[in-house]
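Below is query-v7.pdb, holding PDB, N, CA and C atoms.
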```pdb
ATOM      1  N   MET A1476      80.542  81.823  91.164
ATOM      2  CA  MET A1476      81.151  83.096  90.800
ATOM      3  C   MET A1476      82.326  82.844  89.870
ATOM      4  N   SER A1477      82.697  83.884  89.167
ATOM      5  CA  SER A1477      83.786  83.787  88.197
ATOM      6  C   SER A1477      85.105  83.450  88.868
ATOM      7  N   ALA A1478      85.995  82.905  88.058
ATOM      8  CA  ALA A1478      87.370  82.640  88.473
ATOM      9  C   ALA A1478      88.280  83.292  87.442
ATOM     10  N   TYR A1479      89.444  83.719  87.896
ATOM     11  CA  TYR A1479      90.362  84.441  87.028
ATOM     12  C   TYR A1479      91.712  83.742  87.010
ATOM     13  N   VAL A1480      92.220  83.509  85.806
ATOM     14  CA  VAL A1480      93.584  83.023  85.647
ATOM     15  C   VAL A1480      94.426  84.252  85.336
ATOM     16  N   ILE A1481      95.425  84.477  86.174
ATOM     17  CA  ILE A1481      96.340  85.602  86.009
ATOM     18  C   ILE A1481      97.626  85.029  85.424
ATOM     19  N   VAL A1482      98.003  85.542  84.271
ATOM     20  CA  VAL A1482      99.200  85.065  83.587
ATOM     21  C   VAL A1482     100.235  86.182  83.601
ATOM     22  N   GLU A1483     101.429  85.853  84.022
ATOM     23  CA  GLU A1483     102.573  86.758  83.941
ATOM     24  C   GLU A1483     103.538  86.106  82.964
ATOM     25  N   ALA A1484     104.063  86.879  82.007
ATOM     26  CA  ALA A1484     104.901  86.247  80.984
ATOM     27  C   ALA A1484     105.907  87.215  80.384
ATOM     28  N   THR A1485     106.998  86.637  79.943
ATOM     29  CA  THR A1485     107.971  87.315  79.106
ATOM     30  C   THR A1485     108.118  86.462  77.857
ATOM     31  N   VAL A1486     107.996  87.079  76.702
ATOM     32  CA  VAL A1486     108.099  86.353  75.437
ATOM     33  C   VAL A1486     109.558  85.976  75.200
ATOM     34  N   LEU A1487     109.790  84.675  74.950
ATOM     35  CA  LEU A1487     111.124  84.170  74.643
ATOM     36  C   LEU A1487     111.327  84.012  73.142
ATOM     37  N   ASP A1488     110.269  83.628  72.448
ATOM     38  CA  ASP A1488     110.339  83.383  71.011
ATOM     39  C   ASP A1488     109.013  83.812  70.382
ATOM     40  N   ALA A1489     109.031  84.875  69.591
ATOM     41  CA  ALA A1489     107.799  85.462  69.050
ATOM     42  C   ALA A1489     107.053  84.501  68.128
ATOM     43  N   GLU A1490     107.754  83.757  67.303
ATOM     44  CA  GLU A1490     107.084  82.818  66.391
ATOM     45  C   GLU A1490     106.360  81.725  67.178
ATOM     46  N   SER A1491     107.010  81.180  68.180
ATOM     47  CA  SER A1491     106.379  80.153  69.017
ATOM     48  C   SER A1491     105.216  80.739  69.796
ATOM     49  N   ARG A1492     105.350  81.970  70.247
ATOM     50  CA  ARG A1492     104.265  82.638  70.972
ATOM     51  C   ARG A1492     103.040  82.789  70.077
ATOM     52  N   ASN A1493     103.244  83.147  68.830
ATOM     53  CA  ASN A1493     102.121  83.276  67.891
ATOM     54  C   ASN A1493     101.456  81.927  67.636
ATOM     55  N   ARG A1494     102.262  80.883  67.520
ATOM     56  CA  ARG A1494     101.718  79.534  67.321
ATOM     57  C   ARG A1494     100.908  79.093  68.539
ATOM     58  N   TYR A1495     101.441  79.323  69.725
ATOM     59  CA  TYR A1495     100.751  78.997  70.972
ATOM     60  C   TYR A1495      99.429  79.765  71.059
ATOM     61  N   ALA A1496      99.471  81.085  70.810
ATOM     62  CA  ALA A1496      98.272  81.917  70.917
ATOM     63  C   ALA A1496      97.182  81.448  69.958
ATOM     64  N   SER A1497      97.563  81.094  68.739
ATOM     65  CA  SER A1497      96.559  80.678  67.749
ATOM     66  C   SER A1497      95.874  79.376  68.151
ATOM     67  N   GLN A1498      96.559  78.563  68.946
ATOM     68  CA  GLN A1498      95.976  77.289  69.375
ATOM     69  C   GLN A1498      95.245  77.387  70.710
ATOM     70  N   VAL A1499      95.635  78.319  71.558
ATOM     71  CA  VAL A1499      94.990  78.429  72.867
ATOM     72  C   VAL A1499      93.687  79.224  72.785
ATOM     73  N   GLU A1500      93.584  80.173  71.865
ATOM     74  CA  GLU A1500      92.377  81.003  71.774
ATOM     75  C   GLU A1500      91.099  80.187  71.547
ATOM     76  N   PRO A1501      91.093  79.189  70.647
ATOM     77  CA  PRO A1501      89.873  78.381  70.508
ATOM     78  C   PRO A1501      89.517  77.612  71.786
ATOM     79  N   LEU A1502      90.526  77.245  72.580
ATOM     80  CA  LEU A1502      90.258  76.549  73.843
ATOM     81  C   LEU A1502      89.587  77.476  74.846
ATOM     82  N   PHE A1503      89.962  78.757  74.834
ATOM     83  CA  PHE A1503      89.275  79.716  75.698
ATOM     84  C   PHE A1503      87.786  79.712  75.382
ATOM     85  N   ARG A1504      87.456  79.803  74.105
ATOM     86  CA  ARG A1504      86.041  79.822  73.707
ATOM     87  C   ARG A1504      85.342  78.530  74.125
ATOM     88  N   GLU A1505      86.019  77.395  73.923
ATOM     89  CA  GLU A1505      85.431  76.097  74.272
ATOM     90  C   GLU A1505      85.072  76.009  75.749
ATOM     91  N   PHE A1506      85.855  76.651  76.601
ATOM     92  CA  PHE A1506      85.628  76.583  78.047
ATOM     93  C   PHE A1506      84.922  77.832  78.585
ATOM     94  N   GLY A1507      84.400  78.656  77.695
ATOM     95  CA  GLY A1507      83.641  79.826  78.124
ATOM     96  C   GLY A1507      84.477  80.915  78.757
ATOM     97  N   ALA A1508      85.753  80.964  78.402
ATOM     98  CA  ALA A1508      86.657  81.956  78.979
ATOM     99  C   ALA A1508      86.678  83.222  78.134
ATOM    100  N   GLU A1509      87.043  84.311  78.798
ATOM    101  CA  GLU A1509      87.151  85.599  78.124
ATOM    102  C   GLU A1509      88.411  86.301  78.617
ATOM    103  N   VAL A1510      89.251  86.733  77.679
ATOM    104  CA  VAL A1510      90.420  87.540  78.043
ATOM    105  C   VAL A1510      89.904  88.949  78.318
ATOM    106  N   ILE A1511      90.061  89.399  79.554
ATOM    107  CA  ILE A1511      89.504  90.709  79.909
ATOM    108  C   ILE A1511      90.571  91.806  79.992
ATOM    109  N   ALA A1512      91.848  91.419  80.040
ATOM    110  CA  ALA A1512      92.924  92.411  80.036
ATOM    111  C   ALA A1512      94.213  91.716  79.605
ATOM    112  N   PHE A1513      95.041  92.438  78.846
ATOM    113  CA  PHE A1513      96.347  91.901  78.479
ATOM    114  C   PHE A1513      97.252  93.051  78.051
ATOM    115  N   GLY A1514      98.539  92.811  78.112
ATOM    116  CA  GLY A1514      99.511  93.790  77.649
ATOM    117  C   GLY A1514     100.666  93.919  78.616
ATOM    118  N   PRO A1515     101.534  94.901  78.375
ATOM    119  CA  PRO A1515     102.680  95.103  79.264
ATOM    120  C   PRO A1515     102.222  95.503  80.666
ATOM    121  N   TRP A1516     102.923  94.983  81.667
ATOM    122  CA  TRP A1516     102.637  95.360  83.045
ATOM    123  C   TRP A1516     103.094  96.791  83.287
ATOM    124  N   GLN A1517     102.379  97.487  84.107
ATOM    125  CA  GLN A1517     102.838  98.756  84.667
ATOM    126  C   GLN A1517     103.055  98.464  86.148
ATOM    127  N   VAL A1518     104.306  98.385  86.550
ATOM    128  CA  VAL A1518     104.630  98.028  87.924
ATOM    129  C   VAL A1518     104.363  99.227  88.833
ATOM    130  N   LEU A1519     103.519  99.007  89.832
ATOM    131  CA  LEU A1519     103.193 100.065  90.793
ATOM    132  C   LEU A1519     104.068  99.983  92.032
ATOM    133  N   SER A1520     104.505  98.769  92.365
ATOM    134  CA  SER A1520     105.342  98.580  93.542
ATOM    135  C   SER A1520     106.098  97.275  93.384
ATOM    136  N   GLY A1521     107.314  97.226  93.878
ATOM    137  CA  GLY A1521     108.096  96.000  93.815
ATOM    138  C   GLY A1521     108.856  95.864  92.506
ATOM    139  N   GLU A1522     109.619  94.801  92.430
ATOM    140  CA  GLU A1522     110.447  94.534  91.252
ATOM    141  C   GLU A1522     109.654  93.743  90.219
ATOM    142  N   PRO A1523     109.744  94.124  88.962
ATOM    143  CA  PRO A1523     109.040  93.359  87.924
ATOM    144  C   PRO A1523     109.732  92.016  87.695
ATOM    145  N   ALA A1524     108.926  90.977  87.529
ATOM    146  CA  ALA A1524     109.470  89.654  87.243
ATOM    147  C   ALA A1524     109.214  89.275  85.787
ATOM    148  N   PHE A1525     108.126  89.768  85.209
ATOM    149  CA  PHE A1525     107.739  89.452  83.845
ATOM    150  C   PHE A1525     107.333  90.741  83.137
ATOM    151  N   ASP A1526     107.391  90.727  81.801
ATOM    152  CA  ASP A1526     107.101  91.922  81.018
ATOM    153  C   ASP A1526     105.614  92.149  80.768
ATOM    154  N   ASN A1527     104.852  91.068  80.625
ATOM    155  CA  ASN A1527     103.462  91.165  80.187
ATOM    156  C   ASN A1527     102.523  90.431  81.131
ATOM    157  N   GLY A1528     101.248  90.825  81.057
ATOM    158  CA  GLY A1528     100.244  90.163  81.864
ATOM    159  C   GLY A1528      98.970  89.922  81.080
ATOM    160  N   MET A1529      98.176  88.993  81.584
ATOM    161  CA  MET A1529      96.875  88.692  80.996
ATOM    162  C   MET A1529      95.958  88.234  82.113
ATOM    163  N   ILE A1530      94.704  88.648  82.040
ATOM    164  CA  ILE A1530      93.687  88.186  82.980
ATOM    165  C   ILE A1530      92.601  87.515  82.152
ATOM    166  N   ILE A1531      92.314  86.256  82.486
ATOM    167  CA  ILE A1531      91.332  85.463  81.755
ATOM    168  C   ILE A1531      90.222  85.088  82.724
ATOM    169  N   ARG A1532      88.988  85.451  82.383
ATOM    170  CA  ARG A1532      87.840  85.139  83.239
ATOM    171  C   ARG A1532      87.189  83.842  82.766
ATOM    172  N   PHE A1533      86.941  82.942  83.724
ATOM    173  CA  PHE A1533      86.227  81.686  83.487
ATOM    174  C   PHE A1533      84.933  81.713  84.285
ATOM    175  N   PRO A1534      83.969  80.908  83.905
ATOM    176  CA  PRO A1534      82.696  80.885  84.645
ATOM    177  C   PRO A1534      82.857  80.547  86.130
ATOM    178  N   ASP A1535      83.837  79.687  86.457
ATOM    179  CA  ASP A1535      84.051  79.270  87.846
ATOM    180  C   ASP A1535      85.392  78.557  87.953
ATOM    181  N   ASP A1536      85.796  78.234  89.189
ATOM    182  CA  ASP A1536      87.070  77.543  89.435
ATOM    183  C   ASP A1536      87.157  76.218  88.693
ATOM    184  N   GLU A1537      86.079  75.452  88.763
ATOM    185  CA  GLU A1537      86.085  74.115  88.160
ATOM    186  C   GLU A1537      86.343  74.190  86.657
ATOM    187  N   THR A1538      85.749  75.165  85.997
ATOM    188  CA  THR A1538      85.948  75.313  84.557
ATOM    189  C   THR A1538      87.374  75.754  84.248
ATOM    190  N   ALA A1539      87.912  76.665  85.050
ATOM    191  CA  ALA A1539      89.299  77.111  84.846
ATOM    192  C   ALA A1539      90.267  75.946  84.999
ATOM    193  N   LEU A1540      90.063  75.143  86.031
ATOM    194  CA  LEU A1540      90.930  73.974  86.235
ATOM    195  C   LEU A1540      90.739  72.942  85.139
ATOM    196  N   ALA A1541      89.502  72.742  84.695
ATOM    197  CA  ALA A1541      89.241  71.794  83.607
ATOM    198  C   ALA A1541      89.956  72.237  82.333
ATOM    199  N   TRP A1542      89.949  73.550  82.054
ATOM    200  CA  TRP A1542      90.672  74.076  80.885
ATOM    201  C   TRP A1542      92.164  73.788  81.027
ATOM    202  N   TYR A1543      92.749  74.173  82.166
ATOM    203  CA  TYR A1543      94.194  74.031  82.342
ATOM    204  C   TYR A1543      94.626  72.570  82.298
ATOM    205  N   GLN A1544      93.824  71.693  82.856
ATOM    206  CA  GLN A1544      94.173  70.269  82.927
ATOM    207  C   GLN A1544      93.714  69.472  81.713
ATOM    208  N   SER A1545      93.007  70.108  80.794
ATOM    209  CA  SER A1545      92.493  69.379  79.627
ATOM    210  C   SER A1545      93.637  68.865  78.764
ATOM    211  N   PRO A1546      93.452  67.692  78.165
ATOM    212  CA  PRO A1546      94.478  67.165  77.265
ATOM    213  C   PRO A1546      94.817  68.150  76.134
ATOM    214  N   ALA A1547      93.828  68.866  75.650
ATOM    215  CA  ALA A1547      94.076  69.821  74.561
ATOM    216  C   ALA A1547      95.027  70.935  75.011
ATOM    217  N   TYR A1548      94.812  71.464  76.238
ATOM    218  CA  TYR A1548      95.716  72.510  76.708
ATOM    219  C   TYR A1548      97.071  71.921  77.101
ATOM    220  N   GLN A1549      97.063  70.802  77.767
ATOM    221  CA  GLN A1549      98.320  70.189  78.177
ATOM    222  C   GLN A1549      99.225  69.889  76.977
ATOM    223  N   SER A1550      98.612  69.612  75.828
ATOM    224  CA  SER A1550      99.414  69.333  74.627
ATOM    225  C   SER A1550     100.138  70.589  74.119
ATOM    226  N   LEU A1551      99.775  71.762  74.630
ATOM    227  CA  LEU A1551     100.418  73.007  74.216
ATOM    228  C   LEU A1551     101.575  73.427  75.121
ATOM    229  N   LEU A1552     101.810  72.694  76.196
ATOM    230  CA  LEU A1552     102.819  73.119  77.166
ATOM    231  C   LEU A1552     104.233  73.134  76.597
ATOM    232  N   GLU A1553     104.518  72.230  75.688
ATOM    233  CA  GLU A1553     105.846  72.203  75.075
ATOM    234  C   GLU A1553     106.070  73.468  74.236
ATOM    235  N   ILE A1554     105.066  73.851  73.460
ATOM    236  CA  ILE A1554     105.161  75.088  72.668
ATOM    237  C   ILE A1554     105.257  76.287  73.613
ATOM    238  N   ARG A1555     104.450  76.283  74.668
ATOM    239  CA  ARG A1555     104.459  77.396  75.628
ATOM    240  C   ARG A1555     105.831  77.567  76.260
ATOM    241  N   ALA A1556     106.498  76.465  76.575
ATOM    242  CA  ALA A1556     107.814  76.528  77.221
ATOM    243  C   ALA A1556     108.853  77.198  76.321
ATOM    244  N   VAL A1557     108.734  77.002  75.024
ATOM    245  CA  VAL A1557     109.645  77.647  74.071
ATOM    246  C   VAL A1557     109.246  79.108  73.875
ATOM    247  N   ALA A1558     107.952  79.372  73.896
ATOM    248  CA  ALA A1558     107.415  80.704  73.599
ATOM    249  C   ALA A1558     107.556  81.686  74.748
ATOM    250  N   LEU A1559     107.302  81.212  75.984
ATOM    251  CA  LEU A1559     107.152  82.116  77.118
ATOM    252  C   LEU A1559     107.873  81.631  78.367
ATOM    253  N   ASP A1560     108.410  82.556  79.112
ATOM    254  CA  ASP A1560     108.761  82.330  80.509
ATOM    255  C   ASP A1560     107.549  82.860  81.249
ATOM    256  N   CYS A1561     106.840  82.004  81.970
ATOM    257  CA  CYS A1561     105.552  82.459  82.489
ATOM    258  C   CYS A1561     105.182  81.813  83.812
ATOM    259  N   ARG A1562     104.172  82.428  84.419
ATOM    260  CA  ARG A1562     103.586  81.928  85.666
ATOM    261  C   ARG A1562     102.074  82.090  85.528
ATOM    262  N   PHE A1563     101.325  81.054  85.913
ATOM    263  CA  PHE A1563      99.863  81.077  85.869
ATOM    264  C   PHE A1563      99.349  80.944  87.294
ATOM    265  N   ARG A1564      98.341  81.738  87.641
ATOM    266  CA  ARG A1564      97.726  81.682  88.973
ATOM    267  C   ARG A1564      96.217  81.726  88.818
ATOM    268  N   LEU A1565      95.526  81.112  89.743
ATOM    269  CA  LEU A1565      94.067  81.087  89.736
ATOM    270  C   LEU A1565      93.557  81.779  90.989
ATOM    271  N   VAL A1566      92.601  82.689  90.801
ATOM    272  CA  VAL A1566      91.984  83.367  91.933
ATOM    273  C   VAL A1566      90.476  83.375  91.708
ATOM    274  N   SER A1567      89.736  83.164  92.785
ATOM    275  CA  SER A1567      88.281  83.122  92.711
ATOM    276  C   SER A1567      87.695  84.487  93.025
ATOM    277  N   GLU A1568      86.624  84.818  92.348
ATOM    278  CA  GLU A1568      85.918  86.066  92.623
ATOM    279  C   GLU A1568      85.221  85.951  93.972
ATOM    280  N   ARG A1569      85.335  87.000  94.749
ATOM    281  CA  ARG A1569      84.635  87.090  96.024
ATOM    282  C   ARG A1569      84.093  88.495  96.141
ATOM    283  N   ARG A1570      82.908  88.599  96.674
ATOM    284  CA  ARG A1570      82.312  89.919  96.875
ATOM    285  C   ARG A1570      81.857  90.053  98.309
ATOM    286  N   ARG A1571      82.098  91.225  98.862
ATOM    287  CA  ARG A1571      81.619  91.538 100.199
ATOM    288  C   ARG A1571      80.324  92.309 100.075
ATOM    289  N   PRO A1572      79.416  92.123 100.992
ATOM    290  CA  PRO A1572      78.219  92.974 100.987
ATOM    291  C   PRO A1572      78.646  94.433 101.096
ATOM    292  N   GLU A1573      77.904  95.313 100.443
ATOM    293  CA  GLU A1573      78.259  96.738 100.440
ATOM    294  C   GLU A1573      78.330  97.336 101.834
ATOM    295  N   ASP A1574      77.514  96.839 102.745
ATOM    296  CA  ASP A1574      77.500  97.403 104.088
ATOM    297  C   ASP A1574      78.500  96.706 105.025
ATOM    298  N   SER A1575      79.313  95.818 104.476
ATOM    299  CA  SER A1575      80.271  95.079 105.295
ATOM    300  C   SER A1575      81.461  95.968 105.657
ATOM    301  N   HIS A1576      81.897  95.821 106.901
ATOM    302  CA  HIS A1576      83.097  96.532 107.350
ATOM    303  C   HIS A1576      84.248  95.536 107.520
ATOM    304  N   GLU A1577      84.036  94.352 106.979
ATOM    305  CA  GLU A1577      85.055  93.303 107.035
ATOM    306  C   GLU A1577      86.296  93.750 106.267
ATOM    307  N   ARG A1578      87.447  93.485 106.840
ATOM    308  CA  ARG A1578      88.695  93.818 106.155
ATOM    309  C   ARG A1578      88.925  92.849 105.006
ATOM    310  N   ILE A1579      89.593  93.309 103.979
ATOM    311  CA  ILE A1579      89.976  92.435 102.875
ATOM    312  C   ILE A1579      91.208  91.663 103.322
ATOM    313  N   PRO A1580      91.126  90.334 103.339
ATOM    314  CA  PRO A1580      92.287  89.545 103.781
ATOM    315  C   PRO A1580      93.390  89.589 102.721
ATOM    316  N   LEU A1581      94.600  89.796 103.163
ATOM    317  CA  LEU A1581      95.726  89.820 102.238
ATOM    318  C   LEU A1581      96.548  88.543 102.303
ATOM    319  N   GLU A1582      96.266  87.700 103.275
ATOM    320  CA  GLU A1582      96.944  86.426 103.403
ATOM    321  C   GLU A1582      95.918  85.365 103.730
ATOM    322  N   GLY A1583      96.209  84.139 103.288
ATOM    323  CA  GLY A1583      95.354  83.007 103.642
ATOM    324  C   GLY A1583      93.931  83.168 103.199
ATOM    325  N   SER A1584      93.038  82.780 104.001
ATOM    326  CA  SER A1584      91.573  82.812 103.854
ATOM    327  C   SER A1584      91.151  81.575 103.194
TER     328      SER A1584
END
```
Write the structure described by the file as structure tokens, please.
Amino acid sequence: MSAYVIVEATVLDAESRNRYASQVEPLFREFGAEVIAFGPWQVLSGEPAFDNGMIIRFPDDETALAWYQSPAYQSLLEIRAVALDCRFRLVSERRRPEDSHERIPLEGS
């Protein structure tokens, strides 16, 4: 099943952000990733920590981790640090059967 990298970010330097974006986009394609949502966050509850968000879909967890740990992506971390204050998280897709009455776990699992 698909895996999703959730990115929370605040732009620190627009020029560096553009340089980072131009180099990371080809890596998304190389690893079969697709940006499915991006833009300013609309906070529904709680205090905002970052201004913008992005959701990137990968074919699976292993591919998402391979992308993040790849030498090509790791070489962009210095540019990213200048460009963005950010947090990256990985979550795996899970589906419940339609007839399931199982609760959605909000912790652990």
>> Quick check on the file I pasted: which residues fall under the PyMOL selection byres ((chain A and resi 1535-1543) around 5)? Write them as a list in words.
In response: Met1476, Ser1477, Ala1478, Phe1533, Pro1534, Gln1544 and Ser1545 of chain A
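Using only N, CA and C atoms, the nearest neighbour of Ile1554 (chain A) within the list A:Glu1568, A:Arg1494, A:Ile1530, A:Ala1512 is A:Arg1494.
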Using 4 Å of padding on each side, determine the axis-aligned box around all atoms of region 1553-1568 of chain A present in the file and give its centre and edge lengths in Å to one decimal, as AutoDock Vina command-line options.
```
--center_x 97.4 --center_y 79.1 --center_z 83.3 --size_x 32.4 --size_y 21.9 --size_z 29.3
```
>> Run DSSP on the backbone and tell me which residues of chain A come out as strand (DSSP E or B); list them as a ChimeraX atom specification.
In response: /A:1478-1486,1509-1515,1527-1533,1559-1567
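Minimum atom-to-atom distances from A:Ile1481, A:Leu1559, A:Leu1551, A:Leu1519 to Ser1497 (chain A) were compared using only C-alpha atoms, and the lowest value belongs to A:Leu1551.
Rounded to one decimal, atom C of Ala1556 (chain A) and atom N of Pro1515 (chain A) lie 19.3 Å from each other.
When the PyMOL selection byres ((chain A and resi 1560) around 5) is run on the displayed coordinates, the residues it returns are Ala1484, Thr1485, Leu1487, Ala1558, Leu1559, Cys1561 and Arg1562 of chain A.
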Can I get the selected residues back with N, CA and C atoms, as a JSON list (two decimals), in the frame of the given file?
```json
[["chain", "number", "residue", "atom", "x", "y", "z"],
["A", 1484, "ALA", "N", 104.06, 86.88, 82.01],
["A", 1484, "ALA", "CA", 104.90, 86.25, 80.98],
["A", 1484, "ALA", "C", 105.91, 87.22, 80.38],
["A", 1485, "THR", "N", 107.00, 86.64, 79.94],
["A", 1485, "THR", "CA", 107.97, 87.32, 79.11],
["A", 1485, "THR", "C", 108.12, 86.46, 77.86],
["A", 1487, "LEU", "N", 109.79, 84.68, 74.95],
["A", 1487, "LEU", "CA", 111.12, 84.17, 74.64],
["A", 1487, "LEU", "C", 111.33, 84.01, 73.14],
["A", 1558, "ALA", "N", 107.95, 79.37, 73.90],
["A", 1558, "ALA", "CA", 107.42, 80.70, 73.60],
["A", 1558, "ALA", "C", 107.56, 81.69, 74.75],
["A", 1559, "LEU", "N", 107.30, 81.21, 75.98],
["A", 1559, "LEU", "CA", 107.15, 82.12, 77.12],
["A", 1559, "LEU", "C", 107.87, 81.63, 78.37],
["A", 1561, "CYS", "N", 106.84, 82.00, 81.97],
["A", 1561, "CYS", "CA", 105.55, 82.46, 82.49],
["A", 1561, "CYS", "C", 105.18, 81.81, 83.81],
["A", 1562, "ARG", "N", 104.17, 82.43, 84.42],
["A", 1562, "ARG", "CA", 103.59, 81.93, 85.67],
["A", 1562, "ARG", "C", 102.07, 82.09, 85.53]]
```
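When the PyMOL selection byres ((chain A and resi 1565) around 6.5) is run on the displayed coordinates, the residues it returns are Tyr1479, Val1480, Ile1481, Phe1563, Arg1564, Val1566 and Ser1567 of chain A.
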Selection from above, N, CA and C atoms, as an mmCIF file, in the frame of the given file, can you write it?
```cif
data_model
loop_
_atom_site.group_PDB
_atom_site.id
_atom_site.type_symbol
_atom_site.label_atom_id
_atom_site.label_comp_id
_atom_site.auth_asym_id
_atom_site.auth_seq_id
_atom_site.Cartn_x
_atom_site.Cartn_y
_atom_site.Cartn_z
ATOM 1 N N TYR A 1479 89.444 83.719 87.896
ATOM 2 C CA TYR A 1479 90.362 84.441 87.028
ATOM 3 C C TYR A 1479 91.712 83.742 87.010
ATOM 4 N N VAL A 1480 92.220 83.509 85.806
ATOM 5 C CA VAL A 1480 93.584 83.023 85.647
ATOM 6 C C VAL A 1480 94.426 84.252 85.336
ATOM 7 N N ILE A 1481 95.425 84.477 86.174
ATOM 8 C CA ILE A 1481 96.340 85.602 86.009
ATOM 9 C C ILE A 1481 97.626 85.029 85.424
ATOM 10 N N PHE A 1563 101.325 81.054 85.913
ATOM 11 C CA PHE A 1563 99.863 81.077 85.869
ATOM 12 C C PHE A 1563 99.349 80.944 87.294
ATOM 13 N N ARG A 1564 98.341 81.738 87.641
ATOM 14 C CA ARG A 1564 97.726 81.682 88.973
ATOM 15 C C ARG A 1564 96.217 81.726 88.818
ATOM 16 N N VAL A 1566 92.601 82.689 90.801
ATOM 17 C CA VAL A 1566 91.984 83.367 91.933
ATOM 18 C C VAL A 1566 90.476 83.375 91.708
ATOM 19 N N SER A 1567 89.736 83.164 92.785
ATOM 20 C CA SER A 1567 88.281 83.122 92.711
ATOM 21 C C SER A 1567 87.695 84.487 93.025
#
```
>> Give me, as a PyMOL selection string, the residues of chain A that a backbone DSSP run labels helix (DSSP H, G or I).
In response: chain A and resi 1489-1505+1536-1544+1546-1549+1552-1558
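Separating atom N of Ala1524 (chain A) from atom N of Val1486 (chain A) is a distance of 11.5 Å.
The smallest atom-to-atom distance between Tyr1548 (chain A) and any of A:Glu1483, A:Ala1496, A:Gly1514, A:Pro1523, using only C-alpha atoms, is found for A:Ala1496.
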